[in-house]
$ cat entry_36.cif   # mmCIF, C-alpha atoms
data_target
#
loop_
_atom_site.group_PDB
_atom_site.id
_atom_site.type_symbol
_atom_site.label_atom_id
_atom_site.label_comp_id
_atom_site.auth_asym_id
_atom_site.auth_seq_id
_atom_site.Cartn_x
_atom_site.Cartn_y
_atom_site.Cartn_z
ATOM 1 C CA MET A 1 0.000 0.000 0.000
ATOM 2 C CA ILE A 2 2.852 2.386 0.840
ATOM 3 C CA GLY A 3 4.473 1.562 -2.487
ATOM 4 C CA LEU A 4 1.255 2.279 -4.409
ATOM 5 C CA GLY A 5 0.801 5.562 -2.573
ATOM 6 C CA ALA A 6 4.332 6.646 -3.406
ATOM 7 C CA ALA A 7 3.802 5.712 -7.040
ATOM 8 C CA GLY A 8 0.613 7.769 -7.153
ATOM 9 C CA ILE A 9 2.383 10.822 -5.760
ATOM 10 C CA ALA A 10 5.205 10.426 -8.259
ATOM 11 C CA ALA A 11 2.801 9.998 -11.176
ATOM 12 C CA ALA A 12 0.471 12.893 -10.282
ATOM 13 C CA PRO A 13 2.496 15.696 -11.924
ATOM 14 C CA VAL A 14 2.823 13.669 -15.134
ATOM 15 C CA LEU A 15 -0.909 12.922 -15.207
ATOM 16 C CA GLN A 16 -1.725 16.581 -14.516
ATOM 17 C CA ARG A 17 0.457 17.743 -17.421
ATOM 18 C CA GLY A 18 -1.112 15.097 -19.649
ATOM 19 C CA VAL A 19 -4.646 16.256 -18.922
ATOM 20 C CA GLU A 20 -3.683 19.883 -19.493
ATOM 21 C CA ALA A 21 -2.027 19.008 -22.814
ATOM 22 C CA VAL A 22 -5.186 17.231 -23.965
ATOM 23 C CA ALA A 23 -7.336 20.153 -22.784
ATOM 24 C CA ALA A 24 -5.263 22.602 -24.812
ATOM 25 C CA LYS A 25 -6.031 20.656 -28.013
ATOM 26 C CA ASP A 26 -9.616 19.632 -27.229
ATOM 27 C CA PRO A 27 -12.056 21.321 -29.664
ATOM 28 C CA THR A 28 -15.115 20.116 -27.713
ATOM 29 C CA GLY A 29 -14.337 21.884 -24.458
ATOM 30 C CA LEU A 30 -15.298 18.770 -22.508
ATOM 31 C CA THR A 31 -11.956 18.650 -20.719
ATOM 32 C CA ASP A 32 -12.902 21.921 -19.023
ATOM 33 C CA VAL A 33 -15.065 19.919 -16.641
ATOM 34 C CA LEU A 34 -12.392 17.401 -15.638
ATOM 35 C CA PRO A 35 -11.159 17.743 -12.043
ATOM 36 C CA ALA A 36 -7.616 18.461 -13.221
ATOM 37 C CA GLY A 37 -8.447 20.406 -16.387
ATOM 38 C CA GLY A 38 -6.204 23.471 -16.405
ATOM 39 C CA GLY A 39 -5.870 23.221 -12.638
ATOM 40 C CA PHE A 40 -9.485 24.374 -12.188
ATOM 41 C CA ARG A 41 -12.427 22.540 -10.627
ATOM 42 C CA TYR A 42 -15.894 22.703 -12.166
ATOM 43 C CA TYR A 43 -18.679 23.897 -9.867
ATOM 44 C CA SER A 44 -22.360 24.533 -10.485
ATOM 45 C CA VAL A 45 -25.231 24.783 -8.012
ATOM 46 C CA VAL A 46 -27.772 23.517 -10.562
ATOM 47 C CA ALA A 47 -27.994 20.322 -12.593
ATOM 48 C CA SER A 48 -27.602 22.080 -15.947
ATOM 49 C CA VAL A 49 -26.947 25.582 -17.229
ATOM 50 C CA PRO A 50 -28.333 26.944 -20.518
ATOM 51 C CA ARG A 51 -25.765 27.996 -23.095
ATOM 52 C CA LYS A 52 -25.579 31.531 -24.421
ATOM 53 C CA ASN A 53 -23.740 32.788 -27.489
ATOM 54 C CA GLU A 54 -23.078 35.950 -29.493
ATOM 55 C CA GLU A 55 -26.719 36.160 -30.572
ATOM 56 C CA THR A 56 -28.484 35.202 -27.342
ATOM 57 C CA TYR A 57 -26.329 36.672 -24.573
ATOM 58 C CA ARG A 58 -27.451 39.863 -22.823
ATOM 59 C CA LEU A 59 -26.138 41.647 -19.699
ATOM 60 C CA THR A 60 -28.481 44.032 -17.890
ATOM 61 C CA VAL A 61 -27.390 46.883 -15.614
ATOM 62 C CA ASP A 62 -30.257 48.205 -13.515
ATOM 63 C CA GLY A 63 -31.483 49.053 -10.017
ATOM 64 C CA LEU A 64 -30.574 52.392 -8.420
ATOM 65 C CA VAL A 65 -29.187 53.906 -11.625
ATOM 66 C CA GLU A 66 -30.112 56.835 -13.829
ATOM 67 C CA ASN A 67 -29.776 54.899 -17.076
ATOM 68 C CA LYS A 68 -30.700 51.233 -17.227
ATOM 69 C CA ALA A 69 -28.682 49.466 -19.914
ATOM 70 C CA THR A 70 -28.510 46.135 -21.716
ATOM 71 C CA TYR A 71 -25.295 44.978 -23.399
ATOM 72 C CA THR A 72 -24.707 42.375 -26.068
ATOM 73 C CA LEU A 73 -21.511 40.336 -26.063
ATOM 74 C CA GLY A 74 -20.242 42.374 -28.998
ATOM 75 C CA GLU A 75 -20.845 45.628 -27.131
ATOM 76 C CA ILE A 76 -18.909 44.353 -24.107
ATOM 77 C CA ARG A 77 -15.989 43.393 -26.348
ATOM 78 C CA ALA A 78 -16.048 46.858 -27.923
ATOM 79 C CA LEU A 79 -15.614 48.690 -24.612
ATOM 80 C CA PRO A 80 -12.119 49.597 -23.285
ATOM 81 C CA GLN A 81 -10.418 46.390 -22.199
ATOM 82 C CA THR A 82 -8.272 45.514 -19.183
ATOM 83 C CA ARG A 83 -6.127 42.380 -18.870
ATOM 84 C CA LEU A 84 -5.103 41.147 -15.421
ATOM 85 C CA VAL A 85 -2.823 38.256 -14.517
ATOM 86 C CA ARG A 86 -3.502 37.050 -10.994
ATOM 87 C CA ASP A 87 -3.560 33.861 -8.944
ATOM 88 C CA VAL A 88 -6.988 32.245 -8.623
ATOM 89 C CA GLN A 89 -7.642 31.066 -5.080
ATOM 90 C CA CYS A 90 -10.640 28.887 -4.209
ATOM 91 C CA VAL A 91 -11.947 28.784 -0.660
ATOM 92 C CA THR A 92 -11.851 24.959 -0.862
ATOM 93 C CA GLY A 93 -8.065 25.061 -1.141
ATOM 94 C CA TRP A 94 -7.034 24.728 -4.775
ATOM 95 C CA ARG A 95 -5.111 27.490 -6.502
ATOM 96 C CA VAL A 96 -4.219 28.320 -10.114
ATOM 97 C CA PRO A 97 -1.299 30.766 -10.382
ATOM 98 C CA ASP A 98 -0.772 33.498 -12.968
ATOM 99 C CA THR A 99 -4.146 33.270 -14.704
ATOM 100 C CA PRO A 100 -4.965 35.957 -17.308
ATOM 101 C CA PHE A 101 -8.457 37.490 -17.297
ATOM 102 C CA GLN A 102 -9.656 40.136 -19.747
ATOM 103 C CA GLY A 103 -12.742 42.286 -19.887
ATOM 104 C CA VAL A 104 -14.292 45.590 -18.872
ATOM 105 C CA VAL A 105 -13.572 47.181 -15.512
ATOM 106 C CA LEU A 106 -16.910 47.007 -13.700
ATOM 107 C CA SER A 107 -16.775 50.684 -12.729
ATOM 108 C CA THR A 108 -16.967 51.550 -16.448
ATOM 109 C CA LEU A 109 -20.447 50.016 -16.632
ATOM 110 C CA LEU A 110 -21.475 51.614 -13.345
ATOM 111 C CA ASP A 111 -20.342 55.048 -14.496
ATOM 112 C CA ALA A 112 -22.234 54.655 -17.770
ATOM 113 C CA ALA A 113 -25.391 53.739 -15.860
ATOM 114 C CA GLY A 114 -25.007 56.582 -13.355
ATOM 115 C CA VAL A 115 -25.275 55.241 -9.805
ATOM 116 C CA ARG A 116 -27.822 57.178 -7.793
ATOM 117 C CA PRO A 117 -26.790 58.688 -4.400
ATOM 118 C CA GLU A 118 -28.637 56.007 -2.431
ATOM 119 C CA GLY A 119 -26.743 53.216 -4.223
ATOM 120 C CA ARG A 120 -24.467 51.421 -1.749
ATOM 121 C CA ALA A 121 -23.917 47.915 -3.121
ATOM 122 C CA ILE A 122 -24.103 45.698 -6.177
ATOM 123 C CA ARG A 123 -26.001 42.437 -6.633
ATOM 124 C CA PHE A 124 -24.963 40.035 -9.398
ATOM 125 C CA GLU A 125 -27.333 37.457 -10.880
ATOM 126 C CA CYS A 126 -26.543 34.596 -13.239
ATOM 127 C CA PHE A 127 -28.410 32.902 -16.065
ATOM 128 C CA ASP A 128 -28.164 29.518 -14.367
ATOM 129 C CA GLY A 129 -31.243 30.768 -12.511
ATOM 130 C CA ALA A 130 -29.828 30.203 -9.031
ATOM 131 C CA TYR A 131 -26.442 31.768 -8.326
ATOM 132 C CA SER A 132 -25.969 35.302 -7.043
ATOM 133 C CA GLU A 133 -23.216 37.404 -5.505
ATOM 134 C CA SER A 134 -22.695 40.848 -4.008
ATOM 135 C CA LEU A 135 -20.119 43.564 -3.422
ATOM 136 C CA THR A 136 -20.184 46.922 -1.711
ATOM 137 C CA LEU A 137 -20.063 49.838 -4.134
ATOM 138 C CA GLU A 138 -16.540 50.646 -2.931
ATOM 139 C CA GLN A 139 -15.382 47.093 -3.632
ATOM 140 C CA ALA A 140 -17.110 47.051 -7.015
ATOM 141 C CA ARG A 141 -15.274 50.198 -8.112
ATOM 142 C CA ARG A 142 -11.825 48.660 -7.672
ATOM 143 C CA LYS A 143 -9.635 48.520 -10.754
ATOM 144 C CA ASP A 144 -9.208 44.765 -10.344
ATOM 145 C CA VAL A 145 -12.903 43.871 -10.581
ATOM 146 C CA LEU A 146 -13.798 42.939 -14.156
ATOM 147 C CA VAL A 147 -16.714 41.834 -16.270
ATOM 148 C CA CYS A 148 -14.773 39.217 -18.233
ATOM 149 C CA HIS A 149 -15.239 37.549 -21.595
ATOM 150 C CA ARG A 150 -11.708 36.109 -21.891
ATOM 151 C CA MET A 151 -9.673 33.845 -19.613
ATOM 152 C CA GLN A 152 -6.243 32.285 -20.202
ATOM 153 C CA ASP A 153 -6.060 34.407 -23.376
ATOM 154 C CA LYS A 154 -9.011 32.755 -25.094
ATOM 155 C CA GLU A 155 -12.741 33.324 -25.197
ATOM 156 C CA LEU A 156 -14.399 32.295 -21.956
ATOM 157 C CA GLY A 157 -15.829 28.781 -22.301
ATOM 158 C CA HIS A 158 -19.177 27.663 -20.941
ATOM 159 C CA ALA A 159 -17.676 25.556 -18.136
ATOM 160 C CA HIS A 160 -15.757 28.578 -16.863
ATOM 161 C CA GLY A 161 -18.836 30.816 -16.847
ATOM 162 C CA GLY A 162 -18.927 32.041 -20.428
ATOM 163 C CA PRO A 163 -19.669 33.934 -22.384
ATOM 164 C CA VAL A 164 -19.320 36.519 -19.570
ATOM 165 C CA ARG A 165 -18.458 36.187 -15.887
ATOM 166 C CA LEU A 166 -17.512 38.417 -13.002
ATOM 167 C CA TYR A 167 -13.875 38.403 -11.854
ATOM 168 C CA VAL A 168 -13.083 39.826 -8.404
ATOM 169 C CA ALA A 169 -9.308 39.468 -8.314
ATOM 170 C CA PRO A 170 -8.604 40.160 -4.614
ATOM 171 C CA MET A 171 -11.273 37.799 -3.261
ATOM 172 C CA TYR A 172 -11.865 34.066 -3.110
ATOM 173 C CA PHE A 173 -13.149 32.700 -6.393
ATOM 174 C CA TYR A 174 -16.756 32.145 -5.288
ATOM 175 C CA LYS A 175 -17.184 35.927 -5.511
ATOM 176 C CA SER A 176 -16.383 35.734 -9.256
ATOM 177 C CA ALA A 177 -19.859 34.699 -10.369
ATOM 178 C CA LYS A 178 -20.092 32.634 -13.556
ATOM 179 C CA TRP A 179 -22.705 33.046 -16.323
ATOM 180 C CA LEU A 180 -23.294 36.686 -15.406
ATOM 181 C CA SER A 181 -26.604 38.118 -16.629
ATOM 182 C CA ARG A 182 -27.564 41.044 -14.366
ATOM 183 C CA ILE A 183 -25.795 43.763 -12.381
ATOM 184 C CA THR A 184 -28.170 45.550 -10.010
ATOM 185 C CA VAL A 185 -27.304 48.556 -7.853
ATOM 186 C CA THR A 186 -28.938 48.248 -4.422
ATOM 187 C CA ASP A 187 -29.116 50.292 -1.226
ATOM 188 C CA LYS A 188 -27.478 47.553 0.867
ATOM 189 C CA VAL A 189 -25.469 44.367 0.472
ATOM 190 C CA ILE A 190 -27.660 41.356 -0.278
ATOM 191 C CA PRO A 191 -25.793 38.148 0.624
ATOM 192 C CA GLY A 192 -25.146 35.819 -2.303
ATOM 193 C CA TYR A 193 -25.846 32.125 -2.776
ATOM 194 C CA TRP A 194 -22.957 30.739 -0.698
ATOM 195 C CA GLU A 195 -23.091 33.588 1.792
ATOM 196 C CA GLU A 196 -26.647 32.594 2.649
ATOM 197 C CA ALA A 197 -25.106 29.209 3.493
ATOM 198 C CA GLY A 198 -22.487 30.718 5.799
ATOM 199 C CA TYR A 199 -19.593 31.901 3.589
ATOM 200 C CA ASP A 200 -18.037 35.287 4.342
ATOM 201 C CA VAL A 201 -19.603 38.264 2.570
ATOM 202 C CA ASP A 202 -16.189 39.961 2.505
ATOM 203 C CA ALA A 203 -14.016 37.248 0.993
ATOM 204 C CA TRP A 204 -10.556 38.838 0.872
ATOM 205 C CA VAL A 205 -7.800 36.329 0.205
ATOM 206 C CA GLY A 206 -5.458 38.205 2.564
ATOM 207 C CA ARG A 207 -2.500 40.519 2.752
ATOM 208 C CA SER A 208 -0.043 37.621 2.773
ATOM 209 C CA ASN A 209 0.006 37.743 -1.024
ATOM 210 C CA GLY A 210 -1.078 41.349 -1.525
ATOM 211 C CA ARG A 211 -4.510 40.375 -2.809
ATOM 212 C CA ASP A 212 -6.473 42.966 -0.819
ATOM 213 C CA ASP A 213 -4.355 45.958 -1.812
ATOM 214 C CA GLU A 214 -5.782 47.986 -4.693
ATOM 215 C CA PRO A 215 -3.376 48.092 -7.655
ATOM 216 C CA THR A 216 -1.871 51.471 -8.475
ATOM 217 C CA ASP A 217 -1.015 50.808 -12.129
#
$ encode --input "entry_36.cif" --output "structure tokens"
Amino acid sequence: MIGLGAAGIAAAPVLQRGVEAVAAKDPTGLTDVLPAGGGFRYYSVVASVPRKNEETYRLTVDGLVENKATYTLGEIRALPQTRLVRDVQCVTGWRVPDTPFQGVVLSTLLDAAGVRPEGRAIRFECFDGAYSESLTLEQARRKDVLVCHRMQDKELGHAHGGPVRLYVAPMYFYKSAKWLSRITVTDKVIPGYWEEAGYDVDAWVGRSNGRDDEPTD
């Protein structure tokens, strides 16, 4: 038994690299859902999630705003883009270092909508019909909070929350809601799906790796 365990430990890096090599060449995207695919784990709180594409995807910005707006995927791509490379840290323990994300800084959409004075927080809803998240308005206006349509320098796949997801770089990954469909300005923080189950509302990764310090560049 000890010998088999040692062999498994020795083989794990080779198997991991093998899965990632297959994933890089897989045109179906099915390897995205494998436990080792790209170092990520696949999570969904529902049995199945509808797929959206260039024609069917819409993102709504509403709530306590002066100008409600609805964006197509093409319109999101046409807005000024920001690319961040950060470590992804899941609250369950796994970590994917140096992961590129690209999209629109969330504050750009908030500024375009015109947040009313009573607006204090943001609620995010997803087209899986179940998941939600939240940030304070101050957190949402950070430069490292993105509405993303690209990850790892390719279009965001369905398994990773595509075509558009939230990315909150300084917080644990459950704050980065997949399959984003609605951004609503509210007068208070409304706890999200996992926060209703006991997760922290403020999910900072921690100063040990600088993840809760706003970037200056």
$ residues_around --input "entry_36.cif" --residues "Asn53 (chain A)" --least-positions-apart "5" --cutoff "10 Å" --atoms "all atoms listed in the file" --output "list in words"
Arg58, Thr72, Leu73, His158, Gly162, Pro163 and Val164 of chain A
$ resolve_selection --input "entry_36.cif" --expression "the PyMOL selection byres ((chain A and resi 49) around 12)" --output "VMD selection string"
chain A and resid 43 to 48 50 to 52 126 to 131 158 to 162 178 to 180
$ resolve_selection --input "entry_36.cif" --expression "the PyMOL selection byres ((chain A and resi 144) around 9)" --output "PyMOL selection string"
chain A and resi 82+84+105-106+140-143+145-146+167-170+214-215
$ closest_residue --input "entry_36.cif" --among "A:Arg123, A:Arg77, A:Arg41, A:Arg116" --to "Thr92 (chain A)" --atoms "all atoms listed in the file"
A:Arg41
$ closest_residue --input "entry_36.cif" --among "A:Val91, A:Asp202, A:Val104, A:Glu155" --to "Glu54 (chain A)" --atoms "all atoms listed in the file"
A:Glu155
$ closest_residue --input "entry_36.cif" --among "A:Glu66, A:Asp111, A:Asp98, A:Glu118" --to "Asp187 (chain A)" --atoms "only C-alpha atoms"
A:Glu118
$ axis_aligned_box --input "entry_36.cif" --around "region 49-62 of chain A" --padding-each-side "6 Å" --output "JSON"
{"center_x": -26.7, "center_y": 36.9, "center_z": -22.0, "size_x": 19.2, "size_y": 34.6, "size_z": 29.1}
$ resolve_selection --input "entry_36.cif" --expression "the PyMOL selection byres ((chain A and resi 171) around 12)" --output "JSON, numbers by chain"
{"A": [86, 87, 88, 89, 90, 91, 134, 135, 139, 140, 142, 144, 145, 166, 167, 168, 169, 170, 172, 173, 174, 175, 176, 177, 200, 201, 202, 203, 204, 205, 206, 207, 209, 210, 211, 212, 213, 214]}
$ closest_residue --input "entry_36.cif" --among "A:Lys154, A:Arg83, A:Arg95, A:Lys68" --to "Gly39 (chain A)" --atoms "only C-alpha atoms"
A:Arg95
$ residues_around --input "entry_36.cif" --residues "Arg182 (chain A)" --least-positions-apart "5" --cutoff "6 Å" --atoms "all atoms listed in the file" --output "short mmCIF file (atom, residue, chain, number, x, y, z; two decimals) with C-alpha atoms, keeping the file's coordinate frame"
data_model
loop_
_atom_site.label_atom_id
_atom_site.label_comp_id
_atom_site.auth_asym_id
_atom_site.auth_seq_id
_atom_site.Cartn_x
_atom_site.Cartn_y
_atom_site.Cartn_z
CA LEU A 59 -26.14 41.65 -19.70
CA THR A 60 -28.48 44.03 -17.89
CA VAL A 61 -27.39 46.88 -15.61
CA PHE A 124 -24.96 40.03 -9.40
CA GLU A 125 -27.33 37.46 -10.88
#
$ atom_distance --input "entry_36.cif" --atom1 "CA of Ile122 (chain A)" --atom2 "CA of Ser107 (chain A)"
11.0 Å
$ atom_distance --input "entry_36.cif" --atom1 "CA of Leu109 (chain A)" --atom2 "CA of Trp194 (chain A)"
25.1 Å
$ atom_distance --input "entry_36.cif" --atom1 "CA of Arg150 (chain A)" --atom2 "CA of Arg120 (chain A)"
28.3 Å
$ closest_residue --input "entry_36.cif" --among "A:Leu64, A:Leu79, A:Ile183, A:Met151" --to "Ser132 (chain A)" --atoms "all atoms listed in the file"
A:Ile183
$ closest_residue --input "entry_36.cif" --among "A:Leu137, A:Gly103, A:Thr70, A:Asp62" --to "Thr184 (chain A)" --atoms "all atoms listed in the file"
A:Asp62
$ build_atoms --input "entry_36.cif" --residues "region 97-108 of chain A" --atoms "all heavy atoms" --output "compact mmCIF listing (two decimals), in the coordinates of the input"
# COMPACT_ATOMS: atom_id res chain seq x y z
N PRO A 97 -2.10 29.54 -10.33
CA PRO A 97 -1.30 30.77 -10.38
C PRO A 97 -1.30 31.42 -11.76
O PRO A 97 -1.52 30.76 -12.78
CB PRO A 97 0.11 30.26 -10.02
CG PRO A 97 0.12 28.84 -10.48
CD PRO A 97 -1.28 28.33 -10.27
N ASP A 98 -1.05 32.73 -11.75
CA ASP A 98 -0.77 33.50 -12.97
C ASP A 98 -1.80 33.25 -14.07
O ASP A 98 -1.46 32.88 -15.19
CB ASP A 98 0.63 33.17 -13.48
CG ASP A 98 1.71 33.47 -12.47
OD1 ASP A 98 1.55 34.46 -11.71
OD2 ASP A 98 2.71 32.73 -12.40
N THR A 99 -3.06 33.50 -13.75
CA THR A 99 -4.15 33.27 -14.70
C THR A 99 -4.58 34.58 -15.33
O THR A 99 -5.00 35.49 -14.61
CB THR A 99 -5.35 32.61 -14.01
OG1 THR A 99 -4.91 31.41 -13.37
CG2 THR A 99 -6.44 32.29 -15.01
N PRO A 100 -4.52 34.72 -16.66
CA PRO A 100 -4.96 35.96 -17.31
C PRO A 100 -6.49 36.03 -17.42
O PRO A 100 -7.14 35.06 -17.80
CB PRO A 100 -4.34 35.88 -18.71
CG PRO A 100 -3.35 34.75 -18.66
CD PRO A 100 -3.87 33.81 -17.63
N PHE A 101 -7.05 37.18 -17.09
CA PHE A 101 -8.46 37.49 -17.30
C PHE A 101 -8.53 38.80 -18.07
O PHE A 101 -7.74 39.72 -17.84
CB PHE A 101 -9.20 37.65 -15.97
CG PHE A 101 -9.45 36.37 -15.24
CD1 PHE A 101 -8.47 35.84 -14.40
CD2 PHE A 101 -10.65 35.70 -15.38
CE1 PHE A 101 -8.70 34.66 -13.72
CE2 PHE A 101 -10.88 34.52 -14.69
CZ PHE A 101 -9.90 33.99 -13.87
N GLN A 102 -9.50 38.91 -18.96
CA GLN A 102 -9.66 40.14 -19.75
C GLN A 102 -11.12 40.51 -19.87
O GLN A 102 -11.99 39.65 -20.06
CB GLN A 102 -9.08 39.96 -21.16
CG GLN A 102 -9.19 41.23 -22.01
CD GLN A 102 -8.59 41.05 -23.39
OE1 GLN A 102 -7.50 40.48 -23.52
NE2 GLN A 102 -9.29 41.50 -24.41
N GLY A 103 -11.38 41.80 -19.74
CA GLY A 103 -12.74 42.29 -19.89
C GLY A 103 -12.83 43.76 -19.57
O GLY A 103 -11.84 44.50 -19.67
N VAL A 104 -14.00 44.18 -19.16
CA VAL A 104 -14.29 45.59 -18.87
C VAL A 104 -14.25 45.80 -17.37
O VAL A 104 -14.84 45.03 -16.61
CB VAL A 104 -15.68 45.96 -19.41
CG1 VAL A 104 -15.99 47.43 -19.13
CG2 VAL A 104 -15.80 45.64 -20.88
N VAL A 105 -13.55 46.83 -16.93
CA VAL A 105 -13.57 47.18 -15.51
C VAL A 105 -15.02 47.49 -15.13
O VAL A 105 -15.70 48.28 -15.80
CB VAL A 105 -12.65 48.38 -15.22
CG1 VAL A 105 -12.75 48.80 -13.76
CG2 VAL A 105 -11.21 48.04 -15.57
N LEU A 106 -15.51 46.87 -14.08
CA LEU A 106 -16.91 47.01 -13.70
C LEU A 106 -17.32 48.46 -13.50
O LEU A 106 -18.44 48.86 -13.85
CB LEU A 106 -17.17 46.20 -12.42
CG LEU A 106 -18.56 46.33 -11.80
CD1 LEU A 106 -19.65 45.91 -12.78
CD2 LEU A 106 -18.64 45.50 -10.52
N SER A 107 -16.43 49.28 -12.97
CA SER A 107 -16.77 50.68 -12.73
C SER A 107 -17.13 51.42 -14.02
O SER A 107 -17.87 52.40 -13.99
CB SER A 107 -15.63 51.40 -12.00
OG SER A 107 -14.45 51.38 -12.77
N THR A 108 -16.61 50.95 -15.16
CA THR A 108 -16.97 51.55 -16.45
C THR A 108 -18.46 51.41 -16.71
O THR A 108 -19.13 52.36 -17.15
CB THR A 108 -16.17 50.88 -17.58
OG1 THR A 108 -14.78 51.08 -17.37
CG2 THR A 108 -16.55 51.47 -18.94
